[in-house]
>>> print(open('data12.cif').read())   # mmCIF, C-alpha atoms and all ligand atoms
data_target
#
loop_
_atom_site.label_atom_id
_atom_site.label_comp_id
_atom_site.auth_asym_id
_atom_site.auth_seq_id
_atom_site.Cartn_x
_atom_site.Cartn_y
_atom_site.Cartn_z
CA MET A 1 -3.23 26.37 43.90
CA ASP A 2 0.41 25.27 43.71
CA SER A 3 -0.57 21.72 42.96
CA PHE A 4 -2.95 22.78 40.22
CA LYS A 5 -1.84 21.21 37.00
CA ARG A 6 -1.68 23.61 34.11
CA PHE A 7 -1.22 21.92 30.76
CA HIS A 8 -1.04 25.18 28.88
CA ARG A 9 2.49 25.99 30.01
CA LEU A 10 3.93 23.40 27.62
CA ARG A 11 1.74 24.60 24.76
CA LYS A 12 2.68 28.26 24.96
CA ASN A 13 4.48 28.58 21.68
CA LYS A 14 5.32 26.61 18.59
CA ASN A 15 8.86 25.67 19.55
CA LEU A 16 7.83 24.54 22.98
CA ARG A 17 5.12 22.36 21.45
CA GLU A 18 7.70 20.98 19.05
CA LEU A 19 10.04 20.17 21.94
CA VAL A 20 7.44 18.06 23.75
CA SER A 21 5.74 16.50 20.73
CA GLU A 22 5.54 12.72 20.98
CA THR A 23 5.04 11.85 17.33
CA ARG A 24 7.05 13.12 14.39
CA LEU A 25 6.60 12.26 10.77
CA SER A 26 9.68 11.53 8.73
CA ILE A 27 9.74 10.99 4.99
CA SER A 28 11.74 7.80 5.59
CA ASP A 29 8.58 6.21 7.08
CA PHE A 30 6.75 6.56 3.78
CA VAL A 31 6.10 4.39 0.74
CA LEU A 32 4.70 5.96 -2.43
CA PRO A 33 2.49 3.78 -4.67
CA TYR A 34 2.73 3.90 -8.48
CA PHE A 35 0.45 2.50 -11.18
CA ILE A 36 2.32 1.26 -14.22
CA CYS A 37 0.73 0.98 -17.66
CA GLU A 38 1.79 -0.44 -21.00
CA GLY A 39 3.13 1.67 -23.87
CA GLU A 40 5.60 4.52 -23.99
CA ASN A 41 5.66 8.15 -23.03
CA LYS A 42 2.46 7.81 -21.01
CA LYS A 43 1.51 9.81 -17.95
CA ILE A 44 -2.23 9.50 -17.65
CA PRO A 45 -4.14 11.36 -14.93
CA ILE A 46 -6.55 9.32 -12.82
CA ASP A 47 -9.78 11.30 -12.56
CA SER A 48 -10.83 10.04 -9.16
CA MET A 49 -7.37 10.65 -7.64
CA PRO A 50 -6.29 14.21 -8.46
CA GLY A 51 -2.49 14.47 -8.64
CA ILE A 52 -1.99 10.73 -9.26
CA PHE A 53 -1.11 9.23 -12.66
CA ARG A 54 -0.52 5.98 -14.47
CA PHE A 55 3.00 5.92 -15.86
CA SER A 56 4.56 3.87 -18.64
CA VAL A 57 7.93 2.39 -17.62
CA ASP A 58 10.03 5.05 -19.43
CA LYS A 59 8.08 7.89 -17.79
CA LEU A 60 8.18 6.16 -14.42
CA LYS A 61 11.98 6.13 -14.58
CA GLU A 62 12.06 9.91 -14.95
CA GLU A 63 9.45 10.33 -12.25
CA ILE A 64 11.26 8.15 -9.70
CA LYS A 65 14.61 9.81 -10.38
CA ASN A 66 12.87 12.99 -9.36
CA THR A 67 11.02 11.64 -6.31
CA PHE A 68 14.11 9.79 -5.04
CA TYR A 69 16.58 12.64 -5.33
CA ASP A 70 14.41 15.77 -5.05
CA TYR A 71 11.75 14.58 -2.63
CA GLY A 72 13.84 12.12 -0.63
CA ILE A 73 11.30 9.32 -1.00
CA LYS A 74 13.17 6.02 -0.99
CA ALA A 75 10.47 3.34 -1.08
CA TYR A 76 7.88 2.63 -3.78
CA LEU A 77 5.01 0.20 -4.20
CA PHE A 78 4.23 -0.90 -7.76
CA PHE A 79 0.92 -1.99 -9.24
CA GLY A 80 0.41 -3.11 -12.82
CA ALA A 81 -2.46 -1.32 -14.57
CA VAL A 82 -2.87 -3.39 -17.72
CA GLU A 83 -5.39 -4.83 -20.12
CA LYS A 84 -7.26 -7.77 -18.65
CA SER A 85 -7.38 -11.31 -19.89
CA ASP A 86 -10.66 -12.28 -21.54
CA SER A 87 -11.12 -15.68 -19.94
CA ASN A 88 -10.71 -17.34 -16.58
CA ASN A 89 -6.96 -16.93 -16.93
CA ILE A 90 -4.80 -13.93 -16.24
CA ASN A 91 -2.94 -11.50 -18.45
CA GLN A 92 0.59 -12.84 -19.02
CA ASN A 93 1.92 -9.49 -17.87
CA ALA A 94 1.34 -10.78 -14.36
CA PHE A 95 4.38 -13.04 -14.30
CA SER A 96 6.19 -12.53 -17.59
CA GLU A 97 9.77 -11.31 -17.55
CA ASN A 98 8.62 -8.41 -19.69
CA GLY A 99 5.52 -7.47 -17.72
CA VAL A 100 5.28 -3.78 -16.86
CA VAL A 101 6.07 -4.27 -13.17
CA GLN A 102 9.02 -6.60 -13.84
CA ARG A 103 10.48 -4.15 -16.38
CA ALA A 104 9.99 -1.23 -14.03
CA ILE A 105 11.79 -3.07 -11.22
CA ARG A 106 14.70 -4.06 -13.44
CA GLU A 107 15.16 -0.63 -15.01
CA ILE A 108 14.78 1.38 -11.82
CA LYS A 109 17.16 -0.86 -9.87
CA LYS A 110 19.68 -0.29 -12.66
CA ILE A 111 19.62 3.49 -12.25
CA ILE A 112 18.85 3.74 -8.49
CA PRO A 113 20.15 0.60 -6.77
CA ASP A 114 19.44 2.12 -3.33
CA SER A 115 15.73 2.48 -3.97
CA VAL A 116 13.45 0.16 -1.98
CA LEU A 117 11.14 -1.48 -4.48
CA ILE A 118 8.00 -3.24 -3.34
CA ALA A 119 5.61 -4.97 -5.73
CA ASP A 120 1.99 -5.87 -5.09
CA VAL A 121 1.23 -9.55 -5.70
CA CYS A 122 -2.38 -10.11 -6.69
CA LEU A 123 -4.56 -11.31 -9.57
CA CYS A 124 -7.17 -8.55 -9.69
CA ASN A 125 -5.17 -6.22 -11.93
CA TYR A 126 -4.66 -8.99 -14.46
CA LYS A 127 -7.82 -11.05 -14.41
CA TYR A 128 -10.87 -10.43 -16.59
CA ASP A 129 -13.37 -10.37 -13.72
CA GLY A 130 -11.22 -8.15 -11.47
CA HIS A 131 -11.20 -10.64 -8.59
CA CYS A 132 -8.08 -11.37 -6.55
CA CYS A 133 -8.49 -15.14 -6.87
CA PHE A 134 -9.69 -17.92 -9.14
CA PHE A 135 -13.08 -19.46 -8.46
CA LYS A 136 -13.89 -23.13 -8.83
CA ASN A 137 -16.86 -21.97 -10.87
CA ASN A 138 -18.47 -18.61 -11.40
CA GLU A 139 -21.87 -19.67 -10.11
CA SER A 140 -20.89 -20.75 -6.62
CA LEU A 141 -17.95 -18.32 -6.37
CA GLU A 142 -16.15 -20.93 -4.32
CA ILE A 143 -12.55 -19.78 -4.05
CA ASP A 144 -9.89 -21.93 -5.70
CA ASN A 145 -7.33 -21.15 -3.00
CA ASP A 146 -4.60 -23.56 -4.05
CA ARG A 147 -4.62 -22.64 -7.72
CA THR A 148 -4.55 -18.97 -6.70
CA ILE A 149 -1.57 -19.24 -4.36
CA ASP A 150 0.33 -21.19 -7.03
CA VAL A 151 -0.06 -18.32 -9.44
CA LEU A 152 0.65 -15.72 -6.75
CA SER A 153 3.94 -17.44 -5.97
CA LYS A 154 4.79 -17.45 -9.66
CA ILE A 155 4.16 -13.69 -9.81
CA ALA A 156 6.28 -13.13 -6.69
CA LEU A 157 9.10 -15.17 -8.20
CA SER A 158 9.03 -13.12 -11.40
CA TYR A 159 9.41 -9.93 -9.31
CA ALA A 160 12.27 -11.48 -7.37
CA LYS A 161 14.06 -12.35 -10.61
CA ALA A 162 13.66 -8.74 -11.70
CA GLY A 163 15.37 -7.55 -8.51
CA VAL A 164 12.54 -6.53 -6.19
CA ASP A 165 13.34 -5.95 -2.49
CA ILE A 166 9.93 -6.77 -1.04
CA VAL A 167 6.90 -8.62 -2.40
CA ALA A 168 3.49 -7.64 -1.03
CA PRO A 169 0.80 -10.31 -1.41
CA SER A 170 -2.61 -8.62 -1.24
CA ALA A 171 -5.03 -11.32 -2.35
CA MET A 172 -5.99 -12.45 1.19
CA MET A 173 -5.64 -16.11 0.21
CA ASP A 174 -4.98 -18.67 2.92
CA GLY A 175 -1.37 -19.81 2.99
CA GLN A 176 -0.19 -17.23 0.45
CA VAL A 177 2.76 -16.08 2.57
CA LYS A 178 3.95 -19.63 3.25
CA LYS A 179 3.71 -20.60 -0.40
CA ILE A 180 5.53 -17.49 -1.60
CA ARG A 181 8.28 -17.91 1.03
CA GLU A 182 8.78 -21.54 -0.04
CA VAL A 183 9.01 -20.70 -3.72
CA LEU A 184 11.34 -17.74 -3.12
CA ASN A 185 13.64 -19.82 -0.92
CA LYS A 186 13.67 -22.73 -3.33
CA ASN A 187 14.90 -20.34 -6.01
CA ASN A 188 17.54 -18.77 -3.79
CA PHE A 189 15.74 -15.54 -3.10
CA GLN A 190 16.04 -15.76 0.69
CA ASN A 191 16.85 -12.04 0.67
CA VAL A 192 13.55 -10.93 -0.78
CA ALA A 193 11.26 -9.85 2.07
CA ILE A 194 7.50 -10.31 2.35
CA MET A 195 5.22 -7.49 3.39
CA SER A 196 1.88 -9.18 3.82
CA TYR A 197 -1.45 -7.42 3.55
CA SER A 198 -2.42 -9.40 6.65
CA ALA A 199 -5.48 -7.54 7.83
CA LYS A 200 -7.06 -6.29 4.65
CA TYR A 201 -10.67 -5.33 5.13
CA ALA A 202 -13.45 -5.51 2.53
CA SER A 203 -13.62 -1.73 2.42
CA ASN A 204 -15.60 0.94 0.65
CA PHE A 205 -12.47 3.06 0.46
CA TYR A 206 -10.81 1.20 -2.43
CA GLY A 207 -13.11 2.70 -5.07
CA PRO A 208 -10.72 5.18 -6.71
CA PHE A 209 -7.89 2.59 -6.78
CA ARG A 210 -10.07 0.33 -8.88
CA GLU A 211 -10.22 3.04 -11.53
CA ALA A 212 -6.46 3.60 -11.22
CA ALA A 213 -5.50 -0.06 -11.53
CA ASN A 214 -8.40 -1.00 -13.76
CA SER A 215 -9.32 -3.66 -11.22
CA GLY A 216 -13.05 -3.17 -10.59
CA PHE A 217 -14.82 -6.50 -10.39
CA LYS A 218 -17.52 -7.61 -12.78
CA PHE A 219 -19.71 -9.51 -10.30
CA GLY A 220 -19.96 -10.34 -6.60
CA ASP A 221 -17.78 -8.58 -4.06
CA ARG A 222 -14.65 -9.32 -2.06
CA LYS A 223 -16.34 -10.15 1.22
CA SER A 224 -15.62 -13.86 1.02
CA TYR A 225 -11.87 -13.27 1.13
CA GLN A 226 -11.27 -9.80 2.59
CA MET A 227 -12.05 -9.13 6.26
CA ASP A 228 -15.33 -8.06 7.80
CA TYR A 229 -14.96 -4.57 9.24
CA ARG A 230 -16.83 -5.60 12.38
CA ASN A 231 -13.91 -7.77 13.50
CA SER A 232 -10.67 -7.00 15.27
CA ASN A 233 -9.74 -10.22 17.12
CA GLU A 234 -9.76 -11.89 13.74
CA ALA A 235 -7.22 -9.34 12.50
CA LEU A 236 -4.86 -10.44 15.26
CA ARG A 237 -5.29 -14.06 14.18
CA GLU A 238 -4.57 -13.14 10.55
CA VAL A 239 -1.43 -11.26 11.58
CA GLU A 240 -0.26 -14.07 13.84
CA SER A 241 -0.69 -16.62 11.13
CA ASP A 242 1.16 -14.49 8.54
CA ILE A 243 4.06 -14.03 10.95
CA LYS A 244 4.21 -17.81 11.46
CA GLU A 245 4.14 -18.30 7.69
CA GLY A 246 7.15 -16.01 7.31
CA ALA A 247 5.94 -12.44 6.84
CA ASP A 248 8.66 -9.85 7.57
CA ILE A 249 6.29 -6.87 7.70
CA VAL A 250 2.54 -6.98 8.32
CA MET A 251 0.09 -4.50 6.90
CA ILE A 252 -3.24 -3.14 8.03
CA LYS A 253 -5.46 -1.74 5.32
CA PRO A 254 -7.20 0.72 5.09
CA ALA A 255 -5.78 2.98 7.81
CA LEU A 256 -8.29 5.56 8.97
CA SER A 257 -11.23 3.43 10.03
CA TYR A 258 -8.77 0.88 11.45
CA LEU A 259 -6.52 2.85 13.81
CA ASP A 260 -7.56 0.51 16.64
CA ILE A 261 -6.32 -2.46 14.62
CA ILE A 262 -2.98 -0.76 13.96
CA TYR A 263 -2.71 -0.04 17.68
CA ARG A 264 -3.56 -3.58 18.77
CA VAL A 265 -1.24 -5.22 16.25
CA LYS A 266 1.62 -2.94 17.25
CA GLN A 267 1.05 -3.67 20.95
CA GLU A 268 0.73 -7.41 20.46
CA PHE A 269 3.49 -8.26 17.97
CA ASN A 270 7.11 -7.38 17.72
CA ILE A 271 7.31 -6.87 13.96
CA PRO A 272 7.28 -3.83 11.65
CA VAL A 273 3.73 -2.69 11.04
CA ALA A 274 2.66 -0.95 7.84
CA ALA A 275 -0.59 0.95 7.33
CA TYR A 276 -2.08 1.66 3.90
CA ASN A 277 -3.68 5.08 3.68
CA VAL A 278 -5.84 3.99 0.73
CA SER A 279 -7.22 5.68 -2.37
CA GLY A 280 -10.65 6.56 -0.94
CA GLU A 281 -9.02 8.17 2.09
CA TYR A 282 -6.97 10.27 -0.32
CA SER A 283 -9.77 11.20 -2.67
CA MET A 284 -12.23 12.28 -0.01
CA ILE A 285 -9.79 14.84 1.39
CA LYS A 286 -8.92 15.98 -2.14
CA ALA A 287 -12.60 16.49 -2.91
CA ALA A 288 -13.35 18.34 0.32
CA SER A 289 -10.28 20.56 0.07
CA SER A 290 -10.97 21.42 -3.57
CA LYS A 291 -14.30 22.82 -2.37
CA GLY A 292 -12.65 24.77 0.41
CA TYR A 293 -14.31 22.70 3.14
CA LEU A 294 -10.98 22.03 4.79
CA ASP A 295 -7.29 22.82 4.40
CA GLU A 296 -5.60 19.90 2.65
CA LYS A 297 -2.15 20.28 4.18
CA GLU A 298 -3.37 20.70 7.75
CA ALA A 299 -5.88 17.86 7.46
CA VAL A 300 -3.36 15.50 5.89
CA LEU A 301 -0.68 16.21 8.49
CA GLU A 302 -3.24 15.40 11.17
CA ILE A 303 -4.29 12.17 9.45
CA LEU A 304 -0.77 10.91 8.78
CA THR A 305 0.34 11.79 12.31
CA GLY A 306 -2.69 9.92 13.65
CA ILE A 307 -1.73 6.81 11.70
CA LYS A 308 1.81 6.98 13.04
CA ARG A 309 0.63 7.71 16.61
CA ALA A 310 -1.57 4.60 16.44
CA GLY A 311 1.57 2.54 15.89
CA ALA A 312 2.39 2.34 12.18
CA ASP A 313 6.12 2.12 11.46
CA ILE A 314 5.56 2.38 7.72
CA ILE A 315 2.86 4.42 6.00
CA ILE A 316 1.88 3.84 2.41
CA SER A 317 0.37 7.07 1.15
CA TYR A 318 -0.38 8.89 -2.10
CA TRP A 319 0.56 12.10 -0.25
CA ALA A 320 4.24 11.20 0.19
CA LYS A 321 5.44 13.84 -2.29
CA ASP A 322 3.35 16.64 -0.79
CA LEU A 323 4.42 15.55 2.67
CA SER A 324 8.07 15.72 1.71
CA LYS A 325 7.66 19.37 0.67
CA TRP A 326 5.64 20.20 3.79
CA LEU A 327 8.26 18.65 6.07
CA GLU A 328 11.06 20.56 4.36
CA ASP A 329 9.32 23.78 5.18
CA LYS A 330 10.24 23.52 8.87
CA ASN A 331 8.58 26.78 9.86
CA ASN A 332 5.28 25.54 8.67
CA VAL A 333 4.87 22.16 10.30
C1 LIG A 401 -5.64 -5.33 -4.89
C2 LIG A 401 -5.47 -4.10 -4.12
C3 LIG A 401 -6.43 -3.13 -3.82
C4 LIG A 401 -5.76 -2.08 -3.20
C5 LIG A 401 -4.42 -2.46 -3.09
N1 LIG A 401 -4.27 -3.72 -3.64
C6 LIG A 401 -7.87 -3.07 -4.15
C7 LIG A 401 -8.79 -4.09 -3.67
O1 LIG A 401 -8.48 -4.99 -2.89
O2 LIG A 401 -9.94 -4.01 -4.12
C8 LIG A 401 -6.37 -0.80 -2.76
C9 LIG A 401 -5.44 0.34 -2.59
C10 LIG A 401 -6.10 1.65 -2.54
O3 LIG A 401 -7.35 1.75 -2.49
O4 LIG A 401 -5.37 2.65 -2.51
N2 LIG A 401 -5.68 -6.52 -4.26
#
>>> encode(input="data12.cif", output="structure tokens")
Amino acid sequence: MDSFKRFHRLRKNKNLRELVSETRLSISDFVLPYFICEGENKKIPIDSMPGIFRFSVDKLKEEIKNTFYDYGIKAYLFFGAVEKSDSNNINQNAFSENGVVQRAIREIKKIIPDSVLIADVCLCNYKYDGHCCFFKNNESLEIDNDRTIDVLSKIALSYAKAGVDIVAPSAMMDGQVKKIREVLNKNNFQNVAIMSYSAKYASNFYGPFREAANSGFKFGDRKSYQMDYRNSNEALREVESDIKEGADIVMIKPALSYLDIIYRVKQEFNIPVAAYNVSGEYSMIKAASSKGYLDEKEAVLEILTGIKRAGADIIISYWAKDLSKWLEDKNNV
């Protein structure tokens, strides 16, 4: 009987469990996304994402002052949520000095220089058809990769000029990291880092985001450029190639159906790994908890801990503010 292993003795009470816990969430692991719209004095709720809003730049400044100082969240990911172009071009907001994202970066850096500002680099928020790339023609939907990465690098450069810390290319175009790195370096922005959406799957969990960023597509789907969810070896190849092209951080997206990918990437590569806990993963818990089917806080702590346990160093999540309050309440976690 002496040799009988009893696991319960280290689970006896809360403080003992805390002492031996292997994974701890910290607010400094988190990045909070924001959707930025045109106009002034705007804070518009997004129906499919309860608790999440689109902010105009002036309102976003107030909001981030609050999240930075009162919630202790230091890193933010910006998306433009703007009117689309009406042709096969993109809205000039994408790379103009006065685009909503560029203005937000400039103005927030001015008031909170220590904030870590990350900006998403893609076409879908700016292009009339909602796709992340240009096509050679709209019948064949053959991707115009080179034209797309040219414009992506132009967008990244405009963010760098505004003072961004990290650019995050999410279009899943071949060679996008290399092209962006070249253009940044040529313009003396060696210090701007690249967080690449390396393994971004064609997922059903982006639905609510498309309402938030006004980026739903008019035809086709994203399966010819985003990854097939049946594959994981391919994710390792995508990550490897982004690292070779100059990525500083690699991202897996979404998170919950892809914990094995996070785990494999973390085991295989010695580079910071980010996981994007996407809009659909947020909204489904919100919907279930609003009906009383589960407890939001307990479920979310379990989910976020699972993502970290799988190997994510950085977690991008719409729950960052709630999490900050939950973690402060030490007797509750
Ligand atoms: C755009 C982009 C998407 C998301 C982040 N960047 C949507 C898409 O690829 O369709 C999704 C984020 C979320 O669902 O929270 N390239």
>>> residues_near_ligand(input="data12.cif", ligand="ligand LIG 401 (chain A)", cutoff="9 Å", atoms="only C-alpha atoms and all ligand atoms", output="count of residues only")
46
>>> atom_distance(input="data12.cif", atom1="atom CA of Glu238 of chain A", atom2="atom CA of Asn185 of chain A")
22.5 Å
>>> atom_distance(input="data12.cif", atom1="atom CA of Asp295 of chain A", atom2="atom CA of Tyr69 of chain A")
27.7 Å
>>> closest_residue(input="data12.cif", among="A:Tyr258, A:Phe95, A:Tyr293, A:Tyr76", to="Ala160 of chain A", atoms="only C-alpha atoms")
A:Phe95
>>> atom_distance(input="data12.cif", atom1="atom CA of Ser96 of chain A", atom2="atom CA of Phe219 of chain A")
27.1 Å
>>> residues_around(input="data12.cif", residues="Tyr126 of chain A", least_positions_apart="5", cutoff="9 Å", atoms="only C-alpha atoms", output="count of residues only")
16
>>> closest_residue(input="data12.cif", among="A:Asn15, A:Ser257, A:Thr148, A:Lys321", to="Ile303 of chain A", atoms="all atoms listed in the file")
A:Ser257
>>> closest_residue(input="data12.cif", among="A:Ala287, A:Leu304, A:Val183, A:Ile271", to="Gly51 of chain A", atoms="only C-alpha atoms")
A:Ala287
>>> closest_residue(input="data12.cif", among="A:Trp319, A:Phe4, A:Tyr71, A:Trp326", to="Tyr34 of chain A", atoms="only C-alpha atoms")
A:Trp319
>>> closest_residue(input="data12.cif", among="A:Ile118, A:Val265, A:Leu184, A:Leu323", to="Ser28 of chain A", atoms="all atoms listed in the file")
A:Leu323
>>> residues_near_point(input="data12.cif", point="(14.4, 7.8, -17.8)", cutoff="12 Å", atoms="all atoms listed in the file", output="CSV table (one decimal) with C-alpha atoms, keeping the file's coordinate frame")
chain,number,residue,atom,x,y,z
A,40,GLU,CA,5.6,4.5,-24.0
A,41,ASN,CA,5.7,8.2,-23.0
A,55,PHE,CA,3.0,5.9,-15.9
A,56,SER,CA,4.6,3.9,-18.6
A,57,VAL,CA,7.9,2.4,-17.6
A,58,ASP,CA,10.0,5.0,-19.4
A,59,LYS,CA,8.1,7.9,-17.8
A,60,LEU,CA,8.2,6.2,-14.4
A,61,LYS,CA,12.0,6.1,-14.6
A,62,GLU,CA,12.1,9.9,-15.0
A,63,GLU,CA,9.4,10.3,-12.2
A,64,ILE,CA,11.3,8.2,-9.7
A,65,LYS,CA,14.6,9.8,-10.4
A,66,ASN,CA,12.9,13.0,-9.4
A,104,ALA,CA,10.0,-1.2,-14.0
A,107,GLU,CA,15.2,-0.6,-15.0
A,108,ILE,CA,14.8,1.4,-11.8
A,110,LYS,CA,19.7,-0.3,-12.7
A,111,ILE,CA,19.6,3.5,-12.2
A,112,ILE,CA,18.8,3.7,-8.5
>>> closest_residue(input="data12.cif", among="A:Leu19, A:Val101, A:Ala199, A:Ile52", to="Ala156 of chain A", atoms="only C-alpha atoms")
A:Val101
